[in-house]
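Structure file data19.csv with CSV, C-alpha atoms and all ligand atoms:
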chain,number,residue,atom,x,y,z
V,1405,MET,CA,100.2,84.1,122.3
V,1406,GLY,CA,102.1,82.1,119.6
V,1407,TYR,CA,103.5,78.6,119.3
V,1408,LYS,CA,106.3,76.8,121.1
V,1409,VAL,CA,108.6,75.4,118.3
V,1410,ALA,CA,111.5,72.9,118.7
V,1411,VAL,CA,114.1,72.6,115.9
V,1412,VAL,CA,115.9,69.3,116.1
V,1413,GLY,CA,119.2,69.2,114.3
V,1414,ALA,CA,119.7,72.9,114.9
V,1415,THR,CA,123.5,72.7,114.4
V,1416,GLY,CA,123.1,71.1,111.0
V,1417,ASN,CA,122.7,72.6,107.5
V,1418,VAL,CA,118.9,72.3,107.4
V,1419,GLY,CA,118.4,73.1,111.1
V,1420,ARG,CA,120.3,76.4,110.8
V,1421,GLU,CA,118.3,77.3,107.7
V,1422,ILE,CA,115.0,76.5,109.5
V,1423,LEU,CA,115.9,78.9,112.3
V,1424,SER,CA,116.6,81.7,109.8
V,1425,ILE,CA,113.5,81.0,107.8
V,1426,LEU,CA,111.3,81.0,110.9
V,1427,ASP,CA,112.6,84.4,111.7
V,1428,GLU,CA,112.5,85.8,108.1
V,1429,ARG,CA,108.9,84.8,107.6
V,1430,GLY,CA,107.9,86.0,111.1
V,1431,PHE,CA,106.5,82.6,112.1
V,1432,PRO,CA,104.4,83.4,115.3
V,1433,ALA,CA,106.6,81.5,117.8
V,1434,ASP,CA,106.6,82.6,121.5
V,1435,GLU,CA,109.5,80.4,122.1
V,1436,VAL,CA,112.0,78.5,119.8
V,1437,VAL,CA,114.1,75.8,121.3
V,1438,ALA,CA,117.3,74.5,119.5
V,1439,LEU,CA,118.0,70.8,120.0
V,1440,ALA,CA,120.8,68.6,118.7
V,1441,SER,CA,122.8,65.6,120.1
V,1442,ARG,CA,124.5,65.6,123.5
V,1443,ARG,CA,127.7,66.6,121.7
V,1444,SER,CA,126.3,70.0,120.9
V,1445,VAL,CA,124.8,71.0,124.3
V,1446,GLY,CA,125.6,74.7,124.9
V,1447,VAL,CA,126.6,75.3,121.2
V,1448,GLU,CA,125.2,78.6,120.1
V,1449,VAL,CA,123.0,79.0,117.0
V,1450,SER,CA,121.4,82.1,115.5
V,1451,TYR,CA,117.7,82.8,115.4
V,1452,GLY,CA,117.2,86.2,113.9
V,1453,ASP,CA,119.2,88.6,116.2
V,1454,LYS,CA,118.9,86.2,119.1
V,1455,THR,CA,121.4,83.4,120.0
V,1456,LEU,CA,120.0,80.1,121.2
V,1457,LYS,CA,122.0,77.6,123.2
V,1458,CYS,CA,121.4,74.0,122.0
V,1459,LYS,CA,119.9,71.5,124.4
V,1460,ASP,CA,120.0,67.7,124.2
V,1461,LEU,CA,117.1,66.1,122.3
V,1462,ALA,CA,117.4,62.9,124.5
V,1463,THR,CA,116.4,64.8,127.7
V,1464,TYR,CA,114.0,67.4,126.3
V,1465,ASP,CA,110.3,67.2,127.4
V,1466,PHE,CA,108.0,67.9,124.4
V,1467,SER,CA,104.7,67.9,126.5
V,1468,ASP,CA,104.2,71.7,126.0
V,1469,THR,CA,105.8,72.1,122.6
V,1470,ASP,CA,103.4,72.5,119.6
V,1471,ILE,CA,105.6,71.9,116.5
V,1472,CYS,CA,108.9,70.0,116.1
V,1473,LEU,CA,110.8,70.7,113.0
V,1474,MET,CA,113.1,67.6,112.8
V,1475,SER,CA,116.2,67.4,110.6
V,1476,ALA,CA,118.6,65.0,112.3
V,1477,GLY,CA,118.6,62.0,109.9
V,1478,GLY,CA,116.5,58.9,109.5
V,1479,SER,CA,117.6,56.9,112.5
V,1480,VAL,CA,117.1,59.7,115.0
V,1481,SER,CA,113.7,60.4,113.4
V,1482,LYS,CA,112.8,56.7,113.6
V,1483,GLU,CA,113.5,56.6,117.3
V,1484,TRP,CA,112.2,60.0,118.3
V,1485,SER,CA,109.3,61.2,116.0
V,1486,PRO,CA,106.7,58.6,117.3
V,1487,LYS,CA,107.6,59.5,120.9
V,1488,ILE,CA,107.3,63.2,120.2
V,1489,GLY,CA,104.1,62.8,118.3
V,1490,ALA,CA,102.7,60.7,121.1
V,1491,GLN,CA,103.2,63.7,123.4
V,1492,GLY,CA,100.9,65.8,121.2
V,1493,CYS,CA,103.6,67.7,119.4
V,1494,VAL,CA,103.3,67.6,115.6
V,1495,VAL,CA,106.6,66.5,114.0
V,1496,ILE,CA,107.5,67.9,110.5
V,1497,ASP,CA,110.4,65.5,109.5
V,1498,ASN,CA,113.0,66.1,106.8
V,1499,SER,CA,114.4,62.6,106.7
V,1500,SER,CA,113.3,59.8,104.4
V,1501,GLN,CA,112.1,57.7,107.3
V,1502,TRP,CA,108.3,58.4,107.1
V,1503,ARG,CA,107.9,59.5,103.5
V,1504,THR,CA,106.3,56.3,102.1
V,1505,ASP,CA,104.3,55.5,105.3
V,1506,PRO,CA,100.6,55.5,104.3
V,1507,ASP,CA,99.7,57.1,107.6
V,1508,VAL,CA,102.1,60.0,107.1
V,1509,PRO,CA,101.2,62.8,104.7
V,1510,LEU,CA,104.1,63.8,102.3
V,1511,ILE,CA,103.6,67.5,101.6
V,1512,VAL,CA,104.7,70.2,99.3
V,1513,PRO,CA,102.3,73.1,100.1
V,1514,GLU,CA,102.1,74.5,96.5
V,1515,VAL,CA,101.2,71.0,95.3
V,1516,ASN,CA,99.2,68.9,97.8
V,1517,ALA,CA,98.4,71.0,100.9
V,1518,ASP,CA,95.0,69.3,101.2
V,1519,ALA,CA,96.6,65.9,101.8
V,1520,ILE,CA,97.8,67.2,105.2
V,1521,VAL,CA,94.6,66.3,107.0
V,1522,GLY,CA,95.8,62.7,107.7
V,1523,PHE,CA,98.6,63.8,109.9
V,1524,THR,CA,96.8,63.1,113.2
V,1525,LYS,CA,97.2,59.4,112.8
V,1526,LYS,CA,100.8,59.6,113.9
V,1527,ASN,CA,101.3,63.4,114.4
V,1528,ILE,CA,104.0,63.2,111.8
V,1529,ILE,CA,104.2,65.0,108.5
V,1530,ALA,CA,107.0,64.2,106.0
V,1531,ASN,CA,109.0,66.6,103.9
V,1532,PRO,CA,110.1,65.2,100.5
V,1533,ASN,CA,113.6,64.6,99.2
V,1534,CYS,CA,115.2,67.9,98.1
V,1535,SER,CA,115.3,66.9,94.4
V,1536,THR,CA,111.7,65.8,94.5
V,1537,ALA,CA,110.4,69.0,96.1
V,1538,GLN,CA,111.6,71.4,93.4
V,1539,LEU,CA,110.6,69.0,90.6
V,1540,VAL,CA,106.9,68.6,91.8
V,1541,VAL,CA,106.6,72.4,92.2
V,1542,ALA,CA,107.4,72.7,88.5
V,1543,LEU,CA,105.4,69.7,87.4
V,1544,LYS,CA,102.1,70.3,89.2
V,1545,PRO,CA,100.7,73.2,87.1
V,1546,LEU,CA,101.8,71.4,83.9
V,1547,HIS,CA,100.1,68.2,85.1
V,1548,ASP,CA,96.9,70.1,85.8
V,1549,ALA,CA,96.9,71.5,82.3
V,1550,ALA,CA,97.8,68.5,80.1
V,1551,THR,CA,98.3,65.3,82.4
V,1552,ILE,CA,101.9,64.2,82.6
V,1553,THR,CA,102.5,60.6,81.5
V,1554,ARG,CA,106.3,60.3,81.7
V,1555,VAL,CA,109.2,62.3,83.2
V,1556,VAL,CA,112.9,61.7,82.5
V,1557,VAL,CA,115.1,63.7,84.9
V,1558,SER,CA,118.8,64.0,85.4
V,1559,THR,CA,119.9,65.8,88.6
V,1560,TYR,CA,123.0,67.9,89.3
V,1561,GLN,CA,123.0,67.9,93.2
V,1562,SER,CA,125.1,70.0,95.4
V,1563,VAL,CA,127.2,68.6,98.3
V,1564,SER,CA,125.1,70.4,101.0
V,1565,GLY,CA,122.4,67.8,100.2
V,1566,ALA,CA,124.6,65.4,102.1
V,1567,GLY,CA,125.1,67.5,105.2
V,1568,LYS,CA,127.7,69.8,106.7
V,1569,ASP,CA,130.5,67.2,106.7
V,1570,ALA,CA,130.0,66.8,102.9
V,1571,MET,CA,130.5,70.6,102.4
V,1572,ASP,CA,133.7,70.4,104.5
V,1573,GLU,CA,134.9,67.5,102.3
V,1574,LEU,CA,134.4,69.5,99.0
V,1575,PHE,CA,136.3,72.4,100.6
V,1576,SER,CA,139.2,70.4,101.9
V,1577,GLN,CA,139.6,68.3,98.7
V,1578,THR,CA,139.6,71.5,96.6
V,1579,ARG,CA,142.3,73.0,98.8
V,1580,ALA,CA,144.3,69.7,98.7
V,1581,VAL,CA,144.2,69.7,94.9
V,1582,PHE,CA,145.5,73.2,94.8
V,1583,VAL,CA,148.4,72.7,97.3
V,1584,SER,CA,149.2,69.1,95.9
V,1585,ASP,CA,148.2,67.4,99.2
V,1586,PRO,CA,146.7,63.9,99.1
V,1587,VAL,CA,143.0,64.0,98.4
V,1588,GLU,CA,141.0,62.1,101.0
V,1589,ALA,CA,137.4,60.8,100.2
V,1590,LYS,CA,135.4,59.9,103.4
V,1591,LYS,CA,131.9,61.1,102.9
V,1592,PHE,CA,131.6,60.4,99.2
V,1593,PRO,CA,132.6,57.1,97.4
V,1594,LYS,CA,135.0,59.0,95.1
V,1595,ARG,CA,136.7,62.4,95.0
V,1596,ILE,CA,134.1,65.1,94.5
V,1597,ALA,CA,136.5,68.1,93.9
V,1598,PHE,CA,136.7,68.8,90.2
V,1599,ASN,CA,134.7,65.7,89.5
V,1600,LEU,CA,131.1,64.3,89.2
V,1601,ILE,CA,129.7,61.2,91.1
V,1602,PRO,CA,126.8,59.3,89.4
V,1603,GLN,CA,125.7,57.8,92.7
V,1604,ILE,CA,123.6,59.3,95.5
V,1605,ASP,CA,122.6,57.0,98.3
V,1606,VAL,CA,122.9,53.2,98.1
V,1607,PHE,CA,122.3,50.9,95.0
V,1608,MET,CA,119.0,49.1,94.8
V,1609,GLU,CA,118.6,45.6,93.3
V,1610,ASP,CA,117.4,47.0,89.9
V,1611,GLY,CA,120.5,49.1,89.4
V,1612,PHE,CA,118.9,52.5,90.3
V,1613,THR,CA,120.2,54.3,93.4
V,1614,LYS,CA,117.9,54.9,96.4
V,1615,GLU,CA,117.9,58.7,95.6
V,1616,GLU,CA,116.5,57.8,92.1
V,1617,TRP,CA,113.9,55.5,93.7
V,1618,LYS,CA,112.9,58.2,96.1
V,1619,MET,CA,112.3,60.7,93.3
V,1620,ASN,CA,110.0,58.1,91.6
V,1621,VAL,CA,107.9,57.0,94.6
V,1622,GLU,CA,107.7,60.5,96.2
V,1623,THR,CA,106.5,62.1,92.9
V,1624,LYS,CA,103.8,59.4,92.6
V,1625,LYS,CA,102.7,60.0,96.3
V,1626,ILE,CA,102.6,63.8,96.0
V,1627,LEU,CA,101.4,64.3,92.5
V,1628,ASP,CA,99.9,61.2,90.8
V,1629,PRO,CA,100.6,57.5,91.1
V,1630,LYS,CA,100.1,57.2,87.3
V,1631,ILE,CA,103.1,59.3,86.4
V,1632,LYS,CA,106.1,57.2,85.1
V,1633,LEU,CA,109.4,58.7,86.2
V,1634,THR,CA,113.0,57.7,85.6
V,1635,ALA,CA,115.8,59.5,87.2
V,1636,THR,CA,119.6,59.6,87.1
V,1637,CYS,CA,121.0,61.4,90.2
V,1638,VAL,CA,124.5,62.9,90.1
V,1639,ARG,CA,126.5,64.7,92.8
V,1640,VAL,CA,128.4,67.8,91.5
V,1641,PRO,CA,131.1,70.0,93.1
V,1642,VAL,CA,128.7,72.8,94.0
V,1643,PHE,CA,128.1,73.9,97.6
V,1644,ILE,CA,124.4,74.9,97.5
V,1645,SER,CA,121.4,74.4,95.1
V,1646,HIS,CA,120.3,71.4,93.0
V,1647,ALA,CA,119.8,71.6,89.2
V,1648,GLU,CA,117.7,69.2,87.1
V,1649,SER,CA,117.4,68.6,83.4
V,1650,VAL,CA,113.8,67.5,82.9
V,1651,ASN,CA,111.9,66.0,79.9
V,1652,VAL,CA,108.2,65.7,80.3
V,1653,GLU,CA,105.6,63.9,78.1
V,1654,PHE,CA,101.9,64.7,78.3
V,1655,GLU,CA,98.6,62.9,77.5
V,1656,LYS,CA,97.2,66.1,75.8
V,1657,GLU,CA,98.9,68.6,73.6
V,1658,LEU,CA,101.0,71.2,75.4
V,1659,SER,CA,103.7,73.3,73.7
V,1660,ALA,CA,106.7,75.0,75.4
V,1661,GLU,CA,104.9,78.3,74.7
V,1662,ASP,CA,101.8,77.0,76.6
V,1663,ALA,CA,104.0,75.8,79.4
V,1664,ARG,CA,105.7,79.2,79.6
V,1665,LYS,CA,102.4,81.0,80.2
V,1666,ILE,CA,101.4,78.4,82.8
V,1667,LEU,CA,104.7,78.5,84.7
V,1668,ARG,CA,104.7,82.3,84.7
V,1669,ASN,CA,101.7,82.2,87.1
V,1670,ALA,CA,102.5,79.1,89.0
V,1671,PRO,CA,103.0,79.3,92.8
V,1672,GLY,CA,106.6,79.0,93.9
V,1673,VAL,CA,108.0,79.1,90.3
V,1674,LEU,CA,110.0,81.9,88.7
V,1675,LEU,CA,110.8,81.7,85.0
V,1676,VAL,CA,114.2,83.0,83.9
V,1677,ASP,CA,114.5,82.2,80.3
V,1678,THR,CA,115.7,84.8,77.7
V,1679,ARG,CA,117.5,82.6,75.2
V,1680,GLU,CA,120.7,84.6,75.3
V,1681,PRO,CA,124.1,84.0,76.9
V,1682,GLY,CA,123.4,84.0,80.7
V,1683,GLY,CA,119.6,84.1,80.2
V,1684,TYR,CA,119.1,81.2,82.6
V,1685,MET,CA,119.4,80.4,86.3
V,1686,THR,CA,122.5,78.6,87.8
V,1687,PRO,CA,122.9,77.0,91.2
V,1688,HIS,CA,125.1,79.8,92.5
V,1689,GLU,CA,122.4,82.4,91.8
V,1690,ALA,CA,119.6,80.3,93.3
V,1691,ALA,CA,121.4,79.8,96.7
V,1692,GLY,CA,119.6,81.7,99.4
V,1693,GLU,CA,116.5,82.1,97.3
V,1694,ASP,CA,113.0,80.6,97.9
V,1695,ALA,CA,111.8,80.0,94.3
V,1696,THR,CA,112.0,77.0,92.0
V,1697,TYR,CA,113.6,78.5,88.9
V,1698,ILE,CA,112.8,77.3,85.4
V,1699,SER,CA,115.0,78.1,82.4
V,1700,ARG,CA,115.8,76.6,78.9
V,1701,LEU,CA,112.1,75.8,78.3
V,1702,ARG,CA,111.7,74.3,74.8
V,1703,ASP,CA,109.6,71.8,72.8
V,1704,ASP,CA,110.9,68.2,72.7
V,1705,PRO,CA,110.6,67.2,69.0
V,1706,THR,CA,111.4,63.6,69.7
V,1707,VAL,CA,108.0,62.8,71.3
V,1708,ASP,CA,104.4,63.6,70.4
V,1709,ASN,CA,103.5,66.0,73.3
V,1710,GLY,CA,106.7,66.8,75.1
V,1711,ILE,CA,108.8,69.6,76.5
V,1712,ALA,CA,112.2,70.0,78.1
V,1713,PHE,CA,113.5,72.4,80.8
V,1714,TRP,CA,116.2,73.2,83.3
V,1715,CYS,CA,115.1,73.5,87.0
V,1716,VAL,CA,117.2,75.0,89.8
V,1717,SER,CA,116.4,75.6,93.5
V,1718,ASP,CA,118.2,76.0,96.8
V,1719,ASN,CA,118.1,72.5,98.2
V,1720,LEU,CA,118.4,73.7,101.8
V,1721,ARG,CA,115.5,76.0,101.4
V,1722,LYS,CA,112.7,74.7,99.1
V,1723,GLY,CA,114.3,71.3,99.3
V,1724,ALA,CA,114.1,71.2,103.1
V,1725,ALA,CA,113.9,74.1,105.5
V,1726,LEU,CA,111.5,76.4,103.6
V,1727,ASN,CA,109.2,73.6,102.7
V,1728,ALA,CA,109.1,72.4,106.4
V,1729,VAL,CA,108.2,75.9,107.6
V,1730,GLN,CA,105.6,76.3,104.9
V,1731,ILE,CA,104.0,73.0,106.2
V,1732,ALA,CA,103.9,74.5,109.7
V,1733,GLU,CA,102.2,77.6,108.2
V,1734,VAL,CA,99.6,75.4,106.5
V,1735,LEU,CA,98.9,73.7,109.9
V,1736,MET,CA,98.5,77.2,111.5
V,1737,ASN,CA,96.5,78.9,108.7
V,1738,ARG,CA,94.1,76.0,108.4
V,1739,LYS,CA,93.7,76.0,112.2
V,1740,LEU,CA,94.8,72.3,112.4
V,1741,ILE,CA,96.9,73.1,115.5
V,1742,THR,CA,96.4,75.4,118.4
V,1743,SER,CA,99.0,76.7,120.7
V,1744,ARG,CA,98.9,74.4,123.8
V,1745,SER,CA,99.8,77.3,126.1
V,1746,LYS,CA,97.0,79.3,124.5
V,1747,ALA,CA,94.6,76.4,125.1
V,1748,ALA,CA,95.6,76.0,128.8
V,1801,LIG,N1,120.6,69.0,103.1
V,1801,LIG,C1,119.6,68.8,102.3
V,1801,LIG,O1,119.5,69.4,101.2
V,1801,LIG,C2,118.4,68.0,102.8
V,1801,LIG,C3,117.2,68.1,102.0
V,1801,LIG,C4,116.2,67.3,102.4
V,1801,LIG,C5,116.3,66.6,103.6
V,1801,LIG,N2,117.4,66.5,104.3
V,1801,LIG,C6,117.5,65.7,105.5
V,1801,LIG,O2,117.6,66.5,106.6
V,1801,LIG,C7,118.3,65.8,107.6
V,1801,LIG,C8,119.4,66.7,108.1
V,1801,LIG,O3,120.3,67.0,107.0
V,1801,LIG,P1,121.5,68.1,107.2
V,1801,LIG,O4,121.9,68.3,105.8
V,1801,LIG,O5,121.1,69.3,108.0
V,1801,LIG,O6,122.6,67.2,108.0
V,1801,LIG,P2,123.8,67.8,108.9
V,1801,LIG,O7,124.3,69.1,108.4
V,1801,LIG,O8,124.8,66.6,108.9
V,1801,LIG,O9,123.2,67.9,110.4
V,1801,LIG,C9,122.7,66.9,111.1
V,1801,LIG,C10,122.0,67.4,112.4
V,1801,LIG,O10,121.5,66.3,113.1
V,1801,LIG,C11,121.9,66.3,114.5
V,1801,LIG,N3,122.0,65.0,115.1
V,1801,LIG,C12,122.7,64.0,114.7
V,1801,LIG,N4,122.6,62.9,115.5
V,1801,LIG,C13,121.7,63.3,116.5
V,1801,LIG,C14,121.1,62.7,117.6
V,1801,LIG,N5,121.4,61.5,118.0
V,1801,LIG,N6,120.3,63.5,118.4
V,1801,LIG,C15,120.0,64.7,118.1
V,1801,LIG,N7,120.5,65.4,117.0
V,1801,LIG,C16,121.3,64.7,116.2
V,1801,LIG,C17,123.3,67.0,114.4
V,1801,LIG,O11,123.6,67.5,115.7
V,1801,LIG,P3,125.1,67.4,116.2
V,1801,LIG,O12,125.8,68.7,115.6
V,1801,LIG,O13,125.0,67.5,117.7
V,1801,LIG,O14,125.8,66.2,115.7
V,1801,LIG,C18,123.0,68.1,113.4
V,1801,LIG,O15,122.4,69.2,114.0
V,1801,LIG,C19,118.7,64.5,107.0
V,1801,LIG,O16,117.7,63.5,107.3
V,1801,LIG,C20,118.7,64.8,105.5
V,1801,LIG,O17,118.5,63.6,104.8
V,1801,LIG,C21,118.5,67.3,103.9
Let me see whether you can do it: turn the structure in this file into structure tokens.
Amino acid sequence: MGYKVAVVGATGNVGREILSILDERGFPADEVVALASRRSVGVEVSYGDKTLKCKDLATYDFSDTDICLMSAGGSVSKEWSPKIGAQGCVVIDNSSQWRTDPDVPLIVPEVNADAIVGFTKKNIIANPNCSTAQLVVALKPLHDAATITRVVVSTYQSVSGAGKDAMDELFSQTRAVFVSDPVEAKKFPKRIAFNLIPQIDVFMEDGFTKEEWKMNVETKKILDPKIKLTATCVRVPVFISHAESVNVEFEKELSAEDARKILRNAPGVLLVDTREPGGYMTPHEAAGEDATYISRLRDDPTVDNGIAFWCVSDNLRKGAALNAVQIAEVLMNRKLITSRSKAA
């Protein structure tokens, strides 16, 4: 007998991806329940070759559910995750609500799977921000080899990172530009079609945006609090996958050639870097894939021990849904949860 799994936010970008990844990876679920808001009761979503009808989160009883994969935003998670956890169901949450809570592990399985043990304090495990997840997968093996001191990262983040309404906005604005209709911006602060927006999430007092702050504090929590990181996060008119331009400085000597050897064998990483036209990965090609792709790897001659690279990954998969399912697999493989129906 397998697990009973609930997917909250099943009609959303991340929720739909979670359902397909659970099926693709053959996660041992006896039953998968799709949950969303009251608005979506009865809406059909796909789980492999099955169709599930969405139920209302607010009236669902979690007392015999083992794992809840939650992707319905911070305020929904703030209200519901503690209640679900208190019913003995482990919540794996995609929002930013719990990521900095010291009683909630923030996990990227390739990087810090061992930190998962603290989850029983609240029965909540946090999934990092999409741009942090792919970054730490690339940084971890390099940090192990030469100790990272400083990271400078500029992101090129797709609109799917802001939810399904944001994807619709890029589509409708692009169409409006072509047919000379007025361009309406609702989800983003400025027009995103044929444009770039150097603001993701709200501004903080120091001039950084909250997205940039998240990359900093989450990298510290997952990888090493001693790493200094500065980020500039930019929204780009791409539907799926985030790209990052990354400069890394090390305590010890590490050349781009050393990094190439290390990254070739690193879990979750694929190196695509042939130094010829097209010999690198782009967001379009990474969409639908699981890997964190590294390209344009080179020495940074402006610092003592530094390299630069280009990093691309599907934000809905490694940045959210895949990472969440991998966390559920860690719980299962390390026997940190048992199926409640099996135990009965
Ligand atoms: N997209 C990414 O790359 C990414 C990466 C990492 C983390 N995240 C996080 O994952 C979460 C979901 O993102 P998304 O991109 O999937 O958003 P989305 O496409 O806008 O979907 C939001 C989902 O939340 C549900 N929801 C909203 N209010 C609800 C309520 N009161 N009760 C129950 N369900 C409710 C929606 O259901 P209805 O259809 O019924 O409204 C929908 O299924 C967010 O916290 C986001 O920050 C996203």
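Interatomic distance, atom CA of Glu1435 of chain V to atom CA of Ile1741 of chain V: 16.0 Å.
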Residue neighbourhood Thr1636 of chain V, 12 Å, only C-alpha atoms, exclusion window fewer than 2 positions, as a PyMOL selection string: chain V and resi 1535+1555-1561+1601-1605+1611-1620+1633-1634+1638-1639+1648-1650
Could you please extract the residues within 8 Å of ligand LIG 1801 (chain V), counting only C-alpha atoms and all ligand atoms, and hand them back as a PDB file with C-alpha atoms, in the frame of the given file?
ATOM      1  CA  VAL V1412     115.900  69.300 116.100  1.00  0.00           C
ATOM      2  CA  GLY V1413     119.200  69.200 114.300  1.00  0.00           C
ATOM      3  CA  ALA V1414     119.700  72.900 114.900  1.00  0.00           C
ATOM      4  CA  THR V1415     123.500  72.700 114.400  1.00  0.00           C
ATOM      5  CA  GLY V1416     123.100  71.100 111.000  1.00  0.00           C
ATOM      6  CA  ASN V1417     122.700  72.600 107.500  1.00  0.00           C
ATOM      7  CA  VAL V1418     118.900  72.300 107.400  1.00  0.00           C
ATOM      8  CA  GLY V1419     118.400  73.100 111.100  1.00  0.00           C
ATOM      9  CA  ARG V1420     120.300  76.400 110.800  1.00  0.00           C
ATOM     10  CA  LEU V1439     118.000  70.800 120.000  1.00  0.00           C
ATOM     11  CA  ALA V1440     120.800  68.600 118.700  1.00  0.00           C
ATOM     12  CA  SER V1441     122.800  65.600 120.100  1.00  0.00           C
ATOM     13  CA  ARG V1442     124.500  65.600 123.500  1.00  0.00           C
ATOM     14  CA  ARG V1443     127.700  66.600 121.700  1.00  0.00           C
ATOM     15  CA  SER V1444     126.300  70.000 120.900  1.00  0.00           C
ATOM     16  CA  VAL V1445     124.800  71.000 124.300  1.00  0.00           C
ATOM     17  CA  ASP V1460     120.000  67.700 124.200  1.00  0.00           C
ATOM     18  CA  LEU V1461     117.100  66.100 122.300  1.00  0.00           C
ATOM     19  CA  ALA V1462     117.400  62.900 124.500  1.00  0.00           C
ATOM     20  CA  MET V1474     113.100  67.600 112.800  1.00  0.00           C
ATOM     21  CA  SER V1475     116.200  67.400 110.600  1.00  0.00           C
ATOM     22  CA  ALA V1476     118.600  65.000 112.300  1.00  0.00           C
ATOM     23  CA  GLY V1477     118.600  62.000 109.900  1.00  0.00           C
ATOM     24  CA  GLY V1478     116.500  58.900 109.500  1.00  0.00           C
ATOM     25  CA  VAL V1480     117.100  59.700 115.000  1.00  0.00           C
ATOM     26  CA  SER V1481     113.700  60.400 113.400  1.00  0.00           C
ATOM     27  CA  ASP V1497     110.400  65.500 109.500  1.00  0.00           C
ATOM     28  CA  ASN V1498     113.000  66.100 106.800  1.00  0.00           C
ATOM     29  CA  SER V1499     114.400  62.600 106.700  1.00  0.00           C
ATOM     30  CA  SER V1500     113.300  59.800 104.400  1.00  0.00           C
ATOM     31  CA  ASN V1531     109.000  66.600 103.900  1.00  0.00           C
ATOM     32  CA  PRO V1532     110.100  65.200 100.500  1.00  0.00           C
ATOM     33  CA  ASN V1533     113.600  64.600  99.200  1.00  0.00           C
ATOM     34  CA  CYS V1534     115.200  67.900  98.100  1.00  0.00           C
ATOM     35  CA  SER V1535     115.300  66.900  94.400  1.00  0.00           C
ATOM     36  CA  SER V1564     125.100  70.400 101.000  1.00  0.00           C
ATOM     37  CA  GLY V1565     122.400  67.800 100.200  1.00  0.00           C
ATOM     38  CA  ALA V1566     124.600  65.400 102.100  1.00  0.00           C
ATOM     39  CA  GLY V1567     125.100  67.500 105.200  1.00  0.00           C
ATOM     40  CA  LYS V1568     127.700  69.800 106.700  1.00  0.00           C
ATOM     41  CA  ASP V1569     130.500  67.200 106.700  1.00  0.00           C
ATOM     42  CA  ALA V1570     130.000  66.800 102.900  1.00  0.00           C
ATOM     43  CA  ASN V1719     118.100  72.500  98.200  1.00  0.00           C
ATOM     44  CA  LEU V1720     118.400  73.700 101.800  1.00  0.00           C
ATOM     45  CA  ARG V1721     115.500  76.000 101.400  1.00  0.00           C
ATOM     46  CA  GLY V1723     114.300  71.300  99.300  1.00  0.00           C
ATOM     47  CA  ALA V1724     114.100  71.200 103.100  1.00  0.00           C
ATOM     48  CA  ALA V1725     113.900  74.100 105.500  1.00  0.00           C
TER      49      ALA V1725
END
Applying 7 Å and only C-alpha atoms, which residues near segment 1667-1671 of chain V remain after dropping the ones on its own chain fewer than 4 positions away? List them as a ChimeraX atom specification. /V:1514,1545,1663,1675
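All protein, DNA and RNA residues at most 7 Å from (106.6, 65.6, 81.0) are Ile1552, Thr1553, Arg1554, Val1555, Asn1651, Val1652, Glu1653, Phe1654, Gly1710 and Ile1711 of chain V, using only C-alpha atoms.
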One residue among V:Ile1425, V:Ala1517, V:Ala1695, V:Val1642 is nearest to Ile1731 of chain V when using only C-alpha atoms, and that residue is V:Ala1517
Pick out the residues sitting within 12 Å of Gly1430 of chain V, and hand them over as an NGL selection string; count only C-alpha atoms, and ignore anything fewer than 6 positions along from it in its own chain. :V and (1406-1407 or 1422-1424 or 1451-1452 or 1729-1730 or 1733)
Can you save segment 1633-1653 of chain V of the given block to a file, including C-alpha atoms and formatted as an mmCIF file, in the first residue's frame?
data_model
loop_
_atom_site.group_PDB
_atom_site.id
_atom_site.type_symbol
_atom_site.label_atom_id
_atom_site.label_comp_id
_atom_site.auth_asym_id
_atom_site.auth_seq_id
_atom_site.Cartn_x
_atom_site.Cartn_y
_atom_site.Cartn_z
ATOM 1 C CA LEU V 1633 25.569 37.070 -2.315
ATOM 2 C CA THR V 1634 24.266 40.029 -4.260
ATOM 3 C CA ALA V 1635 21.460 39.588 -6.792
ATOM 4 C CA THR V 1636 19.677 41.626 -9.453
ATOM 5 C CA CYS V 1637 16.401 39.950 -10.469
ATOM 6 C CA VAL V 1638 14.816 40.775 -13.819
ATOM 7 C CA ARG V 1639 11.536 39.560 -15.354
ATOM 8 C CA VAL V 1640 11.863 38.735 -19.056
ATOM 9 C CA PRO V 1641 9.219 37.997 -21.741
ATOM 10 C CA VAL V 1642 9.824 34.237 -21.735
ATOM 11 C CA PHE V 1643 7.056 31.802 -20.722
ATOM 12 C CA ILE V 1644 9.020 29.056 -18.922
ATOM 13 C CA SER V 1645 12.545 28.627 -17.424
ATOM 14 C CA HIS V 1646 14.754 31.025 -15.544
ATOM 15 C CA ALA V 1647 18.299 31.910 -16.652
ATOM 16 C CA GLU V 1648 21.062 33.334 -14.456
ATOM 17 C CA SER V 1649 24.403 34.981 -15.149
ATOM 18 C CA VAL V 1650 26.599 33.983 -12.191
ATOM 19 C CA ASN V 1651 30.048 35.146 -10.980
ATOM 20 C CA VAL V 1652 31.565 33.136 -8.131
ATOM 21 C CA GLU V 1653 34.638 33.876 -5.995
#
